[in-house]
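K.L.:
Have a look at this one.
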Amino acid sequence: MTDNALTPGIAAGRLDAEEYAANFADLHPPLDDHEALVAADRCYFCHDAPCTVACPTDIDIPLFIRQIATGTPEAAAETILNQNILGGMCARVCPTETLCEQVCVRETAEGKPVIIGQLQRYATDRLMSAGKHPFTRAEPTGKRVAVVGAGPAGLACAHRLAMHGHDVTIYDGRGKPGGLNEFGIAAYKAVEGFAEREVDWLMQIGGITTETGKQLGRDITLGDLQQGFDAVFLGIGLGGVNALGIDGDNREGVVDAVDFIAELRQAEDLSELPVGRDVVVIGGGMTAIDAAVQARLLGALNVTLVYRRGRDRMNASVFEQDLAASKGVRIITNASPIAVHGNGSVREIEFEYTDDSLTPTGQSFRLAADQVFRAIGQSLEGDDLPALDGRKIAVNDVGQTNVSGVWAGGDCASGGDDLTVTAVAEGRDAAEDIHRALQK
């Protein structure tokens with residue numbers, strides 16, 4: 001984070017304890033039994049359910065909702081987890097409003113879909129709180145698989161491989177597993193250490209060893225893994241952050257949004273986390289929204305999110321945009337940064353208005369800022385990787401790379417959108433293909 005001593009506008013402890021607790025409470029409080037039954041009763045249980053088609057992990061949504069409606073939420077959880085082993089976290093962070101709920105027949109007819117995400121959370125929470133792990137490990141095969149990256153793709157891959165009886169070692173460069181779920185999601189979406197608890201629950205399958213602080217290219221190499229294991233899965237995510245590429249980008253107070261979010265997620269006391277008085281976030285995706293909202297919830301007086309295109313081109317959903325606005329975040333569109341001004345530390349950031357084709361209009365404006373968060377996308381880092389497709393690892397539809405015995409999935413791989421639920425699906429599908437290959 002920014003050195004508070006060098007940037008006068010940045011301070012910790014802007015709010016009292018009660019305000020922090022209220023601001024970072026659960027975004028969607030869990031359903032109770034009655035609420036879940038009422039919500040489940042609204043489902044039409046469509047035979048050719050469009051919600052299932054829209055789900056990247058192909059969960060049989062009408063089936064699990066019917067199981068909730070008949071009073072068997074733990075059976076519903078098994079239906080979910082058979083397809084999506086991280087169904088608990090996905091129920092919290094998946095953009096259901098643009099996936100399953102958007103195509104719900106109730107949404108089409110009434111403008112009010114079945115609350116599929118909250119029902120999924122209800123079922124998975126019930127099973128996890130009971131301490132149950134409904135999957136058993138097959139007889140050991142003697143095969144060993146290395147999984148690099150303990151994020152959603154890597155965890156989903158490791159669990160499915162362990163179920164098939166293979167021994168899995170997960171390597172991750174951070175100090176704890178979880179990846180994006182642990183370090184990159186807004187705190188109010190996964191309260192009470194849920195990401196860590198979900199990883200602990202997943203590990204109950206057995207056969208999985210985790211080695212943290214081991215980064216590909218720094219501590220381990222792809223060649224070493226190929227020699228020591230029967231197969232390798234890469235779920236390394238996107239470690240690099242795109243620079244603004246403008247004058248003053250390196251001034252004190254200009255930081256990466258992902259670092260801010262990660263520090264906030266790991267903070268034991270939010271009152272010790274410094275935040276600016278005037279915060280500007282540059283970007284239009286989920287990371288930008290999460291950074292902007294949380295800066296406001298930490299006590300920043302003015303938070304402005306600036307995106308170079310129109311609102312309809314923002315990667316963040318309309319729900320997330322509206323959430324930001326409801327928390328007091330101002331959103332400015334069709335503007336690109338051209339300079340960061342200040343004497344050592346940032347004081348203002350200058351923007352130029354653009355048209356829909358990103359052509360500058362010649363009109364500019366400045367925003368006061370003592371803290372600027374970059375959230376304009378991430379990039380793949382590392383050498384000695386399989387062949388790339390553009391800026392990501394090239395894979396086929398089951399995650400195979402051009403290197404024999406090496407698969408990849410999640411944000412680092414080509415072909416998918418950068419969603420937790422998609423990463424889970426890619427890790428799961430790659431594991432099934434690895435299993436088939438190892439059987440041969």
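So you can find residues: chains in the structure tokens are A, B, ... in the order shown, residues in each start at 1, and ligands are numbered from 1 in order.
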Apply DSSP to the backbone of this structure and, from stretch 229-354 of chain A, keep only the residues in strand (DSSP E); write these as a PDB file with C-alpha atoms, in the first residue's frame.

P.N.:
ATOM      1  CA  ALA A 231       0.857 -34.690 -15.445  1.00  0.00           C
ATOM      2  CA  VAL A 232       0.834 -30.934 -14.793  1.00  0.00           C
ATOM      3  CA  PHE A 233      -2.059 -28.484 -14.600  1.00  0.00           C
ATOM      4  CA  LEU A 234      -1.386 -24.740 -14.750  1.00  0.00           C
ATOM      5  CA  GLY A 240       0.787  -8.833 -13.845  1.00  0.00           C
ATOM      6  CA  VAL A 241      -1.148  -5.568 -13.729  1.00  0.00           C
ATOM      7  CA  VAL A 254      -0.866   5.448  -7.465  1.00  0.00           C
ATOM      8  CA  VAL A 255      -1.256   1.730  -6.716  1.00  0.00           C
ATOM      9  CA  ASP A 256      -2.741  -1.447  -8.161  1.00  0.00           C
ATOM     10  CA  ASP A 278     -10.208  11.668  -2.533  1.00  0.00           C
ATOM     11  CA  VAL A 279      -9.916   8.320  -4.322  1.00  0.00           C
ATOM     12  CA  VAL A 280      -9.989   7.759  -8.078  1.00  0.00           C
ATOM     13  CA  VAL A 281     -10.309   4.266  -9.575  1.00  0.00           C
ATOM     14  CA  ILE A 282      -9.486   3.737 -13.250  1.00  0.00           C
ATOM     15  CA  ASN A 302     -15.013  11.164  -2.461  1.00  0.00           C
ATOM     16  CA  VAL A 303     -14.624   8.079  -4.677  1.00  0.00           C
ATOM     17  CA  THR A 304     -14.800   8.371  -8.451  1.00  0.00           C
ATOM     18  CA  LEU A 305     -14.587   5.502 -10.929  1.00  0.00           C
ATOM     19  CA  VAL A 306     -13.518   6.541 -14.428  1.00  0.00           C
ATOM     20  CA  VAL A 329     -19.308   6.060  -5.877  1.00  0.00           C
ATOM     21  CA  ARG A 330     -19.458   8.494  -8.789  1.00  0.00           C
ATOM     22  CA  ILE A 331     -19.009   6.850 -12.208  1.00  0.00           C
ATOM     23  CA  ILE A 332     -17.616   8.845 -15.126  1.00  0.00           C
ATOM     24  CA  ALA A 335     -12.760   9.428 -20.335  1.00  0.00           C
ATOM     25  CA  SER A 336      -9.138   8.255 -20.462  1.00  0.00           C
ATOM     26  CA  PRO A 337      -6.309   9.294 -18.114  1.00  0.00           C
ATOM     27  CA  ILE A 338      -3.577  11.413 -19.691  1.00  0.00           C
ATOM     28  CA  ALA A 339      -1.435  12.559 -16.720  1.00  0.00           C
ATOM     29  CA  VAL A 340      -0.986  12.241 -12.975  1.00  0.00           C
ATOM     30  CA  HIS A 341      -0.068  15.569 -11.359  1.00  0.00           C
ATOM     31  CA  GLU A 348      -4.687  15.451  -9.278  1.00  0.00           C
ATOM     32  CA  ILE A 349      -5.273  13.165 -12.217  1.00  0.00           C
ATOM     33  CA  GLU A 350      -6.115  14.549 -15.618  1.00  0.00           C
ATOM     34  CA  PHE A 351      -8.516  12.897 -18.069  1.00  0.00           C
ATOM     35  CA  GLU A 352      -9.547  13.533 -21.636  1.00  0.00           C
ATOM     36  CA  TYR A 353     -13.035  12.810 -22.901  1.00  0.00           C
ATOM     37  CA  THR A 354     -13.287  10.245 -25.715  1.00  0.00           C
TER      38      THR A 354
END

K.L.:
For A:Ser414, please output as a ChimeraX atom specification all residues within 10 Å (counting only C-alpha atoms; exclusion window: fewer than 4 positions along the same chain).

P.N.:
/A:388-397,399,408-410

K.L.:
Rounded to one decimal place, report the atom CA of A:Thr57-atom CA of A:Arg121 distance in Å.

P.N.:
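Spanning atom CA of A:Thr57 to atom CA of A:Arg121 is a straight-line distance of 15.4 Å.
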
K.L.:
Which one is closest to A:Ile59: A:Gly228, A:Gly87, A:Pro73, A:Pro113? Count only C-alpha atoms.

P.N.:
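For A:Ile59, the nearest of the given residues is A:Gly87.
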
K.L.:
Which polymer residues have any atom within 9 Å of an atom of stretch 180-185 of chain A, counting only C-alpha atoms, with same-chain residues fewer than 4 positions away left out, as a PyMOL selection string?

P.N.:
chain A and resi 89+93+150-152+176+189-190+193-196+237+258-259+261-266+286-287+290+420

K.L.:
At what distance in Å, to one decimal, does atom CA of A:Leu99 lie from atom CA of A:Pro62?

P.N.:
14.8 Å

K.L.:
Restricting the calculation to only C-alpha atoms, which member of A:Gln439, A:Thr108, A:Gln227, A:Thr79 is positioned closest to A:Leu127?

P.N.:
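For A:Leu127, the nearest of the given residues is A:Thr79.
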
K.L.:
For A:Ile205, which of A:Ala375, A:Ala162, A:Ile236, A:Ala130 is the closest residue, counting only C-alpha atoms?

P.N.:
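Nearest candidate to A:Ile205 out of A:Ala375, A:Ala162, A:Ile236, A:Ala130: A:Ala162.
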
K.L.:
Find the spatial neighbours of A:Gly154, counting only C-alpha atoms, within a cut-off of 12 Å - ignore same-chain residues fewer than 3 positions away - and output them as a PDB file with C-alpha atoms, in the first residue's frame.

P.N.:
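The new file around.pdb reads:
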ATOM      1  CA  ILE A  85     -16.981 -28.085  -5.978  1.00  0.00           C
ATOM      2  CA  LEU A  86     -16.677 -24.369  -5.125  1.00  0.00           C
ATOM      3  CA  VAL A 145      -0.191 -34.740 -10.657  1.00  0.00           C
ATOM      4  CA  ALA A 146       1.217 -31.239 -10.039  1.00  0.00           C
ATOM      5  CA  VAL A 147      -1.252 -28.367  -9.926  1.00  0.00           C
ATOM      6  CA  VAL A 148       0.298 -24.904 -10.090  1.00  0.00           C
ATOM      7  CA  GLY A 149      -1.989 -22.286  -8.614  1.00  0.00           C
ATOM      8  CA  ALA A 150      -4.385 -22.723  -5.696  1.00  0.00           C
ATOM      9  CA  GLY A 151      -7.141 -20.574  -7.118  1.00  0.00           C
ATOM     10  CA  CYS A 157      -8.831 -29.667 -10.780  1.00  0.00           C
ATOM     11  CA  ALA A 158      -7.074 -30.994  -7.675  1.00  0.00           C
ATOM     12  CA  HIS A 159     -10.292 -32.134  -6.010  1.00  0.00           C
ATOM     13  CA  ARG A 160     -11.549 -34.001  -9.062  1.00  0.00           C
ATOM     14  CA  LEU A 161      -8.166 -35.694  -9.576  1.00  0.00           C
ATOM     15  CA  VAL A 168      -2.004 -34.194  -6.123  1.00  0.00           C
ATOM     16  CA  THR A 169       0.498 -31.559  -5.039  1.00  0.00           C
ATOM     17  CA  ILE A 170      -0.661 -27.945  -5.319  1.00  0.00           C
ATOM     18  CA  TYR A 171       1.972 -25.208  -5.589  1.00  0.00           C
ATOM     19  CA  ASP A 172       1.104 -21.575  -4.986  1.00  0.00           C
ATOM     20  CA  PRO A 177      -4.346 -21.188  -0.905  1.00  0.00           C
ATOM     21  CA  GLY A 178      -7.509 -19.725  -2.377  1.00  0.00           C
ATOM     22  CA  GLY A 179      -6.269 -17.506  -5.168  1.00  0.00           C
ATOM     23  CA  LEU A 180      -8.823 -14.976  -6.363  1.00  0.00           C
ATOM     24  CA  ASN A 181     -11.400 -16.193  -3.847  1.00  0.00           C
ATOM     25  CA  VAL A 199     -10.650 -24.655   0.982  1.00  0.00           C
ATOM     26  CA  LEU A 202     -12.500 -29.196  -0.027  1.00  0.00           C
ATOM     27  CA  ILE A 208      -3.954 -33.358  -1.822  1.00  0.00           C
ATOM     28  CA  THR A 210      -0.313 -27.976  -0.640  1.00  0.00           C
ATOM     29  CA  VAL A 232       0.834 -30.934 -14.793  1.00  0.00           C
ATOM     30  CA  PHE A 233      -2.059 -28.484 -14.600  1.00  0.00           C
ATOM     31  CA  LEU A 234      -1.386 -24.740 -14.750  1.00  0.00           C
ATOM     32  CA  GLY A 235      -3.913 -22.503 -13.031  1.00  0.00           C
ATOM     33  CA  ILE A 236      -1.565 -19.608 -12.348  1.00  0.00           C
ATOM     34  CA  GLY A 237      -3.993 -16.793 -13.025  1.00  0.00           C
ATOM     35  CA  TRP A 407      -2.931 -28.730 -19.163  1.00  0.00           C
ATOM     36  CA  ALA A 408      -4.063 -25.231 -18.201  1.00  0.00           C
ATOM     37  CA  GLY A 409      -7.254 -23.475 -17.166  1.00  0.00           C
ATOM     38  CA  GLY A 410      -8.709 -20.434 -15.472  1.00  0.00           C
ATOM     39  CA  ASP A 411      -7.724 -16.842 -16.143  1.00  0.00           C
ATOM     40  CA  CYS A 412      -4.285 -17.787 -17.511  1.00  0.00           C
ATOM     41  CA  THR A 420     -14.700 -17.831 -10.831  1.00  0.00           C
ATOM     42  CA  ALA A 423     -12.389 -21.244 -13.866  1.00  0.00           C
ATOM     43  CA  VAL A 424     -13.996 -24.010 -11.802  1.00  0.00           C
ATOM     44  CA  ALA A 425     -15.511 -25.562 -14.924  1.00  0.00           C
ATOM     45  CA  GLU A 426     -12.179 -25.452 -16.762  1.00  0.00           C
ATOM     46  CA  GLY A 427     -10.294 -27.000 -13.857  1.00  0.00           C
ATOM     47  CA  ARG A 428     -12.883 -29.756 -13.485  1.00  0.00           C
ATOM     48  CA  ASP A 429     -12.929 -30.567 -17.211  1.00  0.00           C
ATOM     49  CA  ALA A 430      -9.133 -30.593 -17.433  1.00  0.00           C
ATOM     50  CA  ALA A 431      -9.019 -33.009 -14.486  1.00  0.00           C
TER      51      ALA A 431
END

K.L.:
Expressed in Å to a single decimal, how great is the separation between atom CA of A:Val346 and atom CA of A:Arg251?

P.N.:
5.8 Å

K.L.:
Set the distance at 8 Å and use only C-alpha atoms: which residues neighbour stretch 31-35 of chain A once local chain neighbours fewer than 5 positions away are removed? I'd like the list as a PyMOL selection string.

P.N.:
chain A and resi 118-119+122

K.L.:
Skip stretch 270-274 of chain A itself and residues of its chain fewer than 4 positions away, then list as JSON, numbers by chain all residues within 8 Å of it, counting only C-alpha atoms.

P.N.:
{"A": [4, 10, 11, 12, 13, 14, 15, 16, 17, 20, 264, 298]}

K.L.:
For the alpha helix (DSSP H) assignment from backbone DSSP, which residues of stretch 206-270 of chain A qualify? Please present them as a PyMOL selection string.

P.N.:
chain A and resi 222-228+257-266

K.L.:
Would you put the residues from that selection into a file with C-alpha atoms, as a JSON list (two decimals), in the first residue's frame?

P.N.:
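Result file follows (part.json):
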[["chain", "number", "residue", "atom", "x", "y", "z"],
["A", 222, "LEU", "CA", 7.81, -26.52, -15.69],
["A", 223, "GLY", "CA", 10.60, -28.89, -16.66],
["A", 224, "ASP", "CA", 11.09, -29.99, -13.06],
["A", 225, "LEU", "CA", 7.38, -30.67, -12.69],
["A", 226, "GLN", "CA", 7.27, -32.68, -15.91],
["A", 227, "GLN", "CA", 10.09, -34.86, -14.65],
["A", 228, "GLY", "CA", 8.63, -35.36, -11.17],
["A", 257, "ALA", "CA", -6.33, -2.13, -7.17],
["A", 258, "VAL", "CA", -5.63, -5.85, -6.78],
["A", 259, "ASP", "CA", -3.01, -5.10, -4.10],
["A", 260, "PHE", "CA", -5.43, -2.86, -2.23],
["A", 261, "ILE", "CA", -8.14, -5.54, -2.30],
["A", 262, "ALA", "CA", -5.72, -8.28, -1.23],
["A", 263, "GLU", "CA", -4.45, -6.24, 1.71],
["A", 264, "LEU", "CA", -7.99, -5.43, 2.79],
["A", 265, "ARG", "CA", -9.02, -9.09, 2.59],
["A", 266, "GLN", "CA", -6.13, -10.13, 4.83]]

K.L.:
For each of A:Asp167, A:Ala40, A:Val421, A:Gly342, take the minimum atom-to-atom distance to A:Ala91, counting only C-alpha atoms, then give the residue where this is smallest.

P.N.:
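Residue with the minimum atom-to-atom distance to A:Ala91: A:Val421.
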
K.L.:
For A:Val114, list every protein, DNA or RNA residue within 10 Å, evaluated using only C-alpha atoms, and leave out those in the same chain fewer than 4 positions away; present the list as number ranges by chain.

P.N.:
A: 39-44, 65, 100-102, 104-107, 118-119

K.L.:
When you count only C-alpha atoms, which of these residues is closest to A:Gly377: A:Gly416, A:Gly88, A:Gly405, A:Gly239?

P.N.:
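Counting only C-alpha atoms, the residue closest to A:Gly377 is A:Gly239.
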